[in-house]
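A quick write-up on the structure given underneath.
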Amino acid sequence: MPLNTQLTKLLGIRIPVIQGGMQWVGLPALAAAVSEAGGLGILTALSQPSPQALREAIRKTRRLTSKPFGVNITLLPTINPPDYEGYARVAVEEGVRIFETAGNNPGPLIKYFKSQGCIVLHKCTTIRHAKSAERLGVDVLSIDGFECAGHPGEEDIGGLVLLARAAKELKVPYISSGGIADGRGLAASLALGASGANMGTRFMCTVESPIHENIKKKIVSSTERDTVHIFRTLHNTARVFKNKVSVEVVKIENRPGGAKFEDVRDLVSGQRGKLVYENGDPDYGIWSAGICIGLIDDIPTCKELLERMEREAEEIIGKTASLITPRSRL
Ligand SMILES: Cc1cc2nc3c(=O)[nH]c(=O)nc-3n(C[C@H](O)[C@H](O)[C@H](O)COP(=O)(O)O)c2cc1C
């Protein structure tokens with residue numbers, strides 16, 4: 001029996017699981033595989049060098065699946081911002097109707113997507129930000145807890161508390177994000193009032209994920225203790241895989257007098273991180289990973305993964321319901 005939630009109804013998907021935007025990983029092959037498997041695959045706009053390249057990636061994804069998929073646009077704290085408007089316009093022109101926004105000052109982008117009749121999922125790490133996004137008219141909030149890969153914010157609040165607050169305070173549907181890798185996590189998310197789950201790290205380690213096999217194997221052999229926070233002292237915290245480069249960055253940040261971004265710029269370069277996925281050397285640069293890495297011990301296809309999660313979640317929900325027994329009358 002399928003898990004029907006507000007998310008599955010709104011997006012027209014079968015399983016309430018989304019593959020969140022992932023720089024260099026959210027490419028057509030993965031997004032299409034997730035959508036084909038019944039979840040929602042998402043292309044990461046900024047993994048494409050230009051809006052025109054995103055247009056081609058959308059067309060490629062559409063050749064691989066006829067199911068709905070989305071596009072992520074991540075607003076970065078950078079001096080020379082990418083052409084966000086161009087990426088957004090091209091995606092809308094190509095008929096994409098589901099967007100995931102993340103990062104700073106999403107107002108103008110959300111306004112544009114809503115004016116075009118699109119569904120917007122916005123990723124937040126605090127209930128305060130979630131409420132502002134709600135006021136901006138987003139359709140779904142993706143609540144990223146402290147567990148997540150990438151940017152968990154600066155307040156270090158785990159998913160349990162964030163989602164319980166979301167249940168009490170948000171008006172629009174919300175999904176869990178961060179730390180989810182199996183049916184147990186999906187069932188827990190639903191119990192916390194979420195309409196589904198967003199996953200990043202788990203989808204990196206699937207057959208269709210376009211990264212080097214060595215990195216997938218590294219994820220399988222790692223534990224929940226193998227991530228680290230960089231940029232903590234720069235107030236732009238990011239959870240990444242613990243390797244020679246990230247440990248070096250933290251060391252530089254913690255030296256007397258602290259560090260400026262320029263001090264670590266070369267170590268954290270995005271191009272170096274991209275090469276990790278191409279050459280398969282996990283120590284070559286910085287790459288994002290969440291603590292659910294400790295729950296990952298295989299490399300399934302997206303179909304196998306989502307079917308297993310669906311089965312596990314249903315079993316767990318059934319078992320949990322059976323804990324309720326009639327009260328004794330004695
Ligand atoms: C390799 C990788 C790259 C990511 N890049 C982005 C990104 O460009 N934009 C974004 O909004 N989130 C990005 N994320 C975060 C994911 O979309 C998602 O929120 C996060 O992975 C959830 O935590 P989990 O890894 O525990 O599932 C990335 C995550 C990973 C693992």
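We label chains A, B, ... in the order they appear in the structure tokens, count residues from 1 in each chain, and number ligands from 1 in the order shown.
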Could you pull out the residues in region 77-231 of chain A that DSSP calls helix (DSSP H, G or I) from the backbone, as an MDAnalysis selection string?
chainID A and resid 84:93 107:115 127:135 159:169 183:191 201:204 213:221
Residues at most 6 Å from region 141-151 of chain A, counting only C-alpha atoms, excluding those fewer than 4 positions away in the same chain, as a list of chain:residue names?
A:Leu121, A:His122, A:Lys123, A:Cys124, A:Thr125, A:Asp156, A:Ile157, A:Gly158, A:Gly159, A:Tyr174, A:Ile175, A:Ser176, A:Ser177, A:Gly178, A:Gly179, A:Thr237, A:Ala238, A:Arg239, A:Ser288, A:Ala289, A:Gly290, A:Ile291
Take the residues from that selection and put them in a file with N, CA and C atoms, as a PDB file, in the first residue's frame.
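Written out: selection-v1.pdb:
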ATOM      1  N   LEU A 121       9.806  24.454  -3.084  1.00  0.00           N
ATOM      2  CA  LEU A 121      10.230  23.861  -1.814  1.00  0.00           C
ATOM      3  C   LEU A 121      11.429  24.682  -1.357  1.00  0.00           C
ATOM      4  N   HIS A 122      11.384  25.195  -0.138  1.00  0.00           N
ATOM      5  CA  HIS A 122      12.526  25.989   0.319  1.00  0.00           C
ATOM      6  C   HIS A 122      13.183  25.301   1.513  1.00  0.00           C
ATOM      7  N   LYS A 123      14.505  25.260   1.462  1.00  0.00           N
ATOM      8  CA  LYS A 123      15.270  24.587   2.506  1.00  0.00           C
ATOM      9  C   LYS A 123      15.687  25.573   3.592  1.00  0.00           C
ATOM     10  N   CYS A 124      15.395  25.260   4.865  1.00  0.00           N
ATOM     11  CA  CYS A 124      15.773  26.161   5.967  1.00  0.00           C
ATOM     12  C   CYS A 124      16.361  25.353   7.111  1.00  0.00           C
ATOM     13  N   THR A 125      17.150  26.035   7.912  1.00  0.00           N
ATOM     14  CA  THR A 125      17.749  25.355   9.064  1.00  0.00           C
ATOM     15  C   THR A 125      17.198  25.893  10.388  1.00  0.00           C
ATOM     16  N   ASP A 156      22.911  24.690  15.418  1.00  0.00           N
ATOM     17  CA  ASP A 156      23.148  23.317  15.895  1.00  0.00           C
ATOM     18  C   ASP A 156      21.926  22.630  16.501  1.00  0.00           C
ATOM     19  N   ILE A 157      20.774  22.806  15.877  1.00  0.00           N
ATOM     20  CA  ILE A 157      19.580  22.143  16.393  1.00  0.00           C
ATOM     21  C   ILE A 157      19.279  20.915  15.521  1.00  0.00           C
ATOM     22  N   GLY A 158      19.138  19.779  16.176  1.00  0.00           N
ATOM     23  CA  GLY A 158      18.906  18.535  15.444  1.00  0.00           C
ATOM     24  C   GLY A 158      17.493  18.445  14.891  1.00  0.00           C
ATOM     25  N   GLY A 159      17.311  17.509  13.990  1.00  0.00           N
ATOM     26  CA  GLY A 159      16.030  17.339  13.313  1.00  0.00           C
ATOM     27  C   GLY A 159      14.859  17.048  14.246  1.00  0.00           C
ATOM     28  N   TYR A 174       5.718  20.265   5.417  1.00  0.00           N
ATOM     29  CA  TYR A 174       7.177  20.319   5.527  1.00  0.00           C
ATOM     30  C   TYR A 174       7.733  18.913   5.421  1.00  0.00           C
ATOM     31  N   ILE A 175       9.007  18.841   5.038  1.00  0.00           N
ATOM     32  CA  ILE A 175       9.670  17.533   4.959  1.00  0.00           C
ATOM     33  C   ILE A 175      10.942  17.583   5.800  1.00  0.00           C
ATOM     34  N   SER A 176      11.376  16.411   6.238  1.00  0.00           N
ATOM     35  CA  SER A 176      12.605  16.342   7.032  1.00  0.00           C
ATOM     36  C   SER A 176      13.789  16.344   6.074  1.00  0.00           C
ATOM     37  N   SER A 177      14.909  16.834   6.539  1.00  0.00           N
ATOM     38  CA  SER A 177      16.130  16.788   5.729  1.00  0.00           C
ATOM     39  C   SER A 177      17.306  16.689   6.681  1.00  0.00           C
ATOM     40  N   GLY A 178      18.231  15.774   6.365  1.00  0.00           N
ATOM     41  CA  GLY A 178      19.405  15.617   7.227  1.00  0.00           C
ATOM     42  C   GLY A 178      19.284  14.373   8.079  1.00  0.00           C
ATOM     43  N   GLY A 179      20.183  13.408   7.832  1.00  0.00           N
ATOM     44  CA  GLY A 179      20.235  12.227   8.689  1.00  0.00           C
ATOM     45  C   GLY A 179      19.317  11.099   8.256  1.00  0.00           C
ATOM     46  N   THR A 237      29.060  27.629   8.389  1.00  0.00           N
ATOM     47  CA  THR A 237      29.390  26.230   8.658  1.00  0.00           C
ATOM     48  C   THR A 237      28.942  25.272   7.554  1.00  0.00           C
ATOM     49  N   ALA A 238      29.827  24.326   7.245  1.00  0.00           N
ATOM     50  CA  ALA A 238      29.478  23.288   6.271  1.00  0.00           C
ATOM     51  C   ALA A 238      29.932  21.933   6.807  1.00  0.00           C
ATOM     52  N   ARG A 239      29.027  20.954   6.735  1.00  0.00           N
ATOM     53  CA  ARG A 239      29.412  19.606   7.155  1.00  0.00           C
ATOM     54  C   ARG A 239      29.943  18.863   5.928  1.00  0.00           C
ATOM     55  N   SER A 288      30.985  17.263   0.420  1.00  0.00           N
ATOM     56  CA  SER A 288      29.928  17.239   1.434  1.00  0.00           C
ATOM     57  C   SER A 288      29.520  15.820   1.783  1.00  0.00           C
ATOM     58  N   ALA A 289      29.228  15.597   3.053  1.00  0.00           N
ATOM     59  CA  ALA A 289      28.660  14.321   3.508  1.00  0.00           C
ATOM     60  C   ALA A 289      28.000  14.564   4.853  1.00  0.00           C
ATOM     61  N   GLY A 290      26.896  13.875   5.100  1.00  0.00           N
ATOM     62  CA  GLY A 290      26.180  14.035   6.367  1.00  0.00           C
ATOM     63  C   GLY A 290      26.446  12.866   7.291  1.00  0.00           C
ATOM     64  N   ILE A 291      25.976  12.968   8.540  1.00  0.00           N
ATOM     65  CA  ILE A 291      26.292  11.896   9.501  1.00  0.00           C
ATOM     66  C   ILE A 291      25.514  10.605   9.224  1.00  0.00           C
TER      67      ILE A 291
END
Identify which of the residues A:Arg55, A:His129, A:Lys274, A:Arg265 lies closest to ligand 1, counting only C-alpha atoms and all ligand atoms when measuring atom-to-atom distances.
A:Lys274
Name the residues in contact with Asn4 (chain A) at a cut-off of 12 Å, using only C-alpha atoms, excluding same-chain residues fewer than 2 positions from it; report them as a PyMOL selection string.
chain A and resi 1-2+6-17+190+194-196+310+314
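Nearest residue to ligand 1 among A:Pro256, A:Pro210, A:Pro68, A:Pro51 is A:Pro210, counting only C-alpha atoms and all ligand atoms.
Between Pro77 (chain A) and the residues A:Asn105, A:Ser115, A:Ser35, A:Thr65, the shortest atom-to-atom distance, using only C-alpha atoms, involves A:Asn105.
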With a distance cut-off of 12 Å and only C-alpha atoms, select the neighbouring residues of Ala321 (chain A), excluding the residue or stretch itself and same-chain residues fewer than 6 positions from it, and output the selection as a PyMOL selection string.
chain A and resi 187+191+314-315
Put those residues in a file: N, CA and C atoms, as a short mmCIF file (atom, residue, chain, number, x, y, z; two decimals), in the first residue's frame.
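What follows is the written file result.cif:
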data_model
loop_
_atom_site.label_atom_id
_atom_site.label_comp_id
_atom_site.auth_asym_id
_atom_site.auth_seq_id
_atom_site.Cartn_x
_atom_site.Cartn_y
_atom_site.Cartn_z
N ALA A 187 9.99 6.77 8.31
CA ALA A 187 8.86 6.57 9.23
C ALA A 187 8.92 7.58 10.38
N ALA A 191 6.23 10.38 11.48
CA ALA A 191 5.71 10.46 12.85
C ALA A 191 5.86 11.87 13.42
N GLU A 314 6.74 1.22 5.90
CA GLU A 314 5.40 0.66 6.12
C GLU A 314 5.41 -0.34 7.28
N GLU A 315 6.46 -1.18 7.31
CA GLU A 315 6.55 -2.18 8.39
C GLU A 315 6.65 -1.49 9.75
#
At a cut-off of 9 Å, using only C-alpha atoms, what residues contact Leu306 (chain A)? Leave out same-chain residues fewer than 3 positions from it and give the result as a compact mmCIF listing (two decimals) with N, CA and C atoms, in the first residue's frame.
# COMPACT_ATOMS: atom_id res chain seq x y z
N ILE A 15 6.49 7.89 -3.91
CA ILE A 15 7.16 7.70 -2.61
C ILE A 15 7.55 9.07 -2.07
N VAL A 17 9.81 10.85 -1.00
CA VAL A 17 11.26 11.05 -0.81
C VAL A 17 11.79 11.92 -1.95
N VAL A 34 16.00 8.80 -9.76
CA VAL A 34 15.18 8.96 -8.55
C VAL A 34 13.71 9.14 -8.96
N ALA A 37 12.17 6.01 -10.12
CA ALA A 37 11.94 5.07 -9.01
C ALA A 37 10.76 5.50 -8.14
N GLY A 38 10.15 6.63 -8.45
CA GLY A 38 8.95 7.03 -7.70
C GLY A 38 9.14 8.19 -6.76
N GLY A 39 10.40 8.63 -6.57
CA GLY A 39 10.65 9.81 -5.72
C GLY A 39 10.69 11.06 -6.59
N ASP A 182 17.21 5.64 5.49
CA ASP A 182 16.49 4.36 5.39
C ASP A 182 15.01 4.55 5.75
N GLY A 183 14.28 3.42 5.72
CA GLY A 183 12.85 3.49 5.98
C GLY A 183 12.53 3.90 7.40
N THR A 301 20.62 0.46 -6.53
CA THR A 301 20.05 1.36 -7.54
C THR A 301 19.04 2.23 -6.79
N CYS A 302 18.65 3.34 -7.41
CA CYS A 302 17.65 4.21 -6.76
C CYS A 302 16.35 3.46 -6.56
N LYS A 303 16.03 2.59 -7.52
CA LYS A 303 14.78 1.81 -7.43
C LYS A 303 14.85 0.87 -6.22
N MET A 309 13.08 1.38 1.19
CA MET A 309 12.65 2.38 2.18
C MET A 309 11.15 2.37 2.38
N GLU A 310 10.45 2.22 1.28
CA GLU A 310 8.98 2.21 1.35
C GLU A 310 8.51 1.02 2.19
N ARG A 311 9.11 -0.16 1.89
CA ARG A 311 8.75 -1.38 2.63
C ARG A 311 9.06 -1.24 4.11
For Arg202 (chain A), which residue out of A:Ile252, A:Ser246, A:Leu43, A:Leu295 is the nearest one, using only C-alpha atoms?
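Answer, going by the shortest atom-to-atom distance: A:Leu295.
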Taking 2 positions as the minimum chain separation for residues in the same chain, which residues sit within 10 Å of Lys217 (chain A) when counting only C-alpha atoms? Answer as a tab-separated table (two decimals) with N, CA and C atoms, in the first residue's frame.
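Written out: selection17.tsv:
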chain	number	residue	atom	x	y	z
A	205	CYS	N	25.35	7.65	-2.85
A	205	CYS	CA	25.91	6.30	-2.82
A	205	CYS	C	24.92	5.32	-3.46
A	212	HIS	N	32.71	8.90	-8.71
A	212	HIS	CA	33.65	7.77	-8.83
A	212	HIS	C	33.30	6.66	-7.81
A	213	GLU	N	33.44	5.43	-8.29
A	213	GLU	CA	33.12	4.26	-7.47
A	213	GLU	C	33.90	4.26	-6.13
A	214	ASN	N	35.14	4.75	-6.16
A	214	ASN	CA	35.95	4.77	-4.91
A	214	ASN	C	35.29	5.61	-3.84
A	215	ILE	N	34.64	6.69	-4.24
A	215	ILE	CA	34.00	7.57	-3.25
A	215	ILE	C	32.77	6.88	-2.68
A	219	ILE	N	32.22	5.92	1.24
A	219	ILE	CA	31.01	6.21	2.03
A	219	ILE	C	30.57	4.94	2.76
A	220	VAL	N	30.56	3.83	2.05
A	220	VAL	CA	30.11	2.57	2.66
A	220	VAL	C	31.01	2.19	3.84
A	221	SER	N	32.32	2.42	3.72
A	221	SER	CA	33.22	1.98	4.80
A	221	SER	C	33.36	3.02	5.92
A	222	SER	N	32.69	4.16	5.79
A	222	SER	CA	32.83	5.21	6.81
A	222	SER	C	31.74	5.11	7.88
A	280	GLY	N	38.34	9.98	-7.89
A	280	GLY	CA	38.10	8.94	-6.89
A	280	GLY	C	39.03	8.98	-5.70
A	297	ASP	N	25.46	1.19	4.04
A	297	ASP	CA	26.40	0.09	3.89
A	297	ASP	C	26.24	-0.68	2.58
A	298	ASP	N	25.65	-0.02	1.58
A	298	ASP	CA	25.60	-0.66	0.26
A	298	ASP	C	25.45	0.40	-0.83
A	299	ILE	N	25.51	-0.07	-2.08
A	299	ILE	CA	25.38	0.83	-3.24
A	299	ILE	C	24.22	0.30	-4.10
Residues near Val96 (chain A), cut-off 10 Å, only C-alpha atoms, skip fewer than 2 positions along chain, as a ChimeraX atom specification
/A:58,68-71,88-94,98-99,118-119
Atoms kept (C-alpha atoms) for selection, written as an mmCIF file, in the first residue's frame:
data_model
loop_
_atom_site.group_PDB
_atom_site.id
_atom_site.type_symbol
_atom_site.label_atom_id
_atom_site.label_comp_id
_atom_site.auth_asym_id
_atom_site.auth_seq_id
_atom_site.Cartn_x
_atom_site.Cartn_y
_atom_site.Cartn_z
ATOM 1 C CA ILE A 58 16.773 19.446 -18.425
ATOM 2 C CA PRO A 68 8.179 14.903 -12.640
ATOM 3 C CA PHE A 69 11.586 16.230 -11.542
ATOM 4 C CA GLY A 70 12.736 19.525 -10.096
ATOM 5 C CA VAL A 71 15.582 22.039 -10.260
ATOM 6 C CA ALA A 88 15.488 30.179 -13.247
ATOM 7 C CA ARG A 89 14.099 31.567 -16.510
ATOM 8 C CA VAL A 90 15.555 28.765 -18.628
ATOM 9 C CA ALA A 91 14.151 26.085 -16.310
ATOM 10 C CA VAL A 92 10.688 27.652 -16.418
ATOM 11 C CA GLU A 93 10.923 27.975 -20.223
ATOM 12 C CA GLU A 94 11.780 24.278 -20.396
ATOM 13 C CA ILE A 98 9.042 22.178 -9.247
ATOM 14 C CA PHE A 99 11.890 24.155 -7.682
ATOM 15 C CA CYS A 118 5.483 26.745 -9.961
ATOM 16 C CA ILE A 119 5.707 24.697 -6.779
#
Could you check the closest approach to Asn104 (chain A) for each of A:Ala133, A:Ala45, A:Leu170, A:Leu76 and tell me which residue wins, using only C-alpha atoms?
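Once distances to Asn104 (chain A) are computed over only C-alpha atoms, the minimum belongs to A:Leu76.
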Go ahead and compute the interatomic distance for CA of Ala57 (chain A) and CA of Thr44 (chain A), in Å to one decimal.
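These two atoms are separated by 9.7 Å.
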Interatomic distance (Å, one decimal) between CA of Lys251 (chain A) and CA of Trp287 (chain A):
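The value is 17.2 Å.
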So which residues of region 68-295 of chain A fall under strand (DSSP E) by DSSP, listed as number ranges by chain?
A: 69-75, 98-103, 119-124, 140-144, 174-177, 197-199, 227-230, 238-241
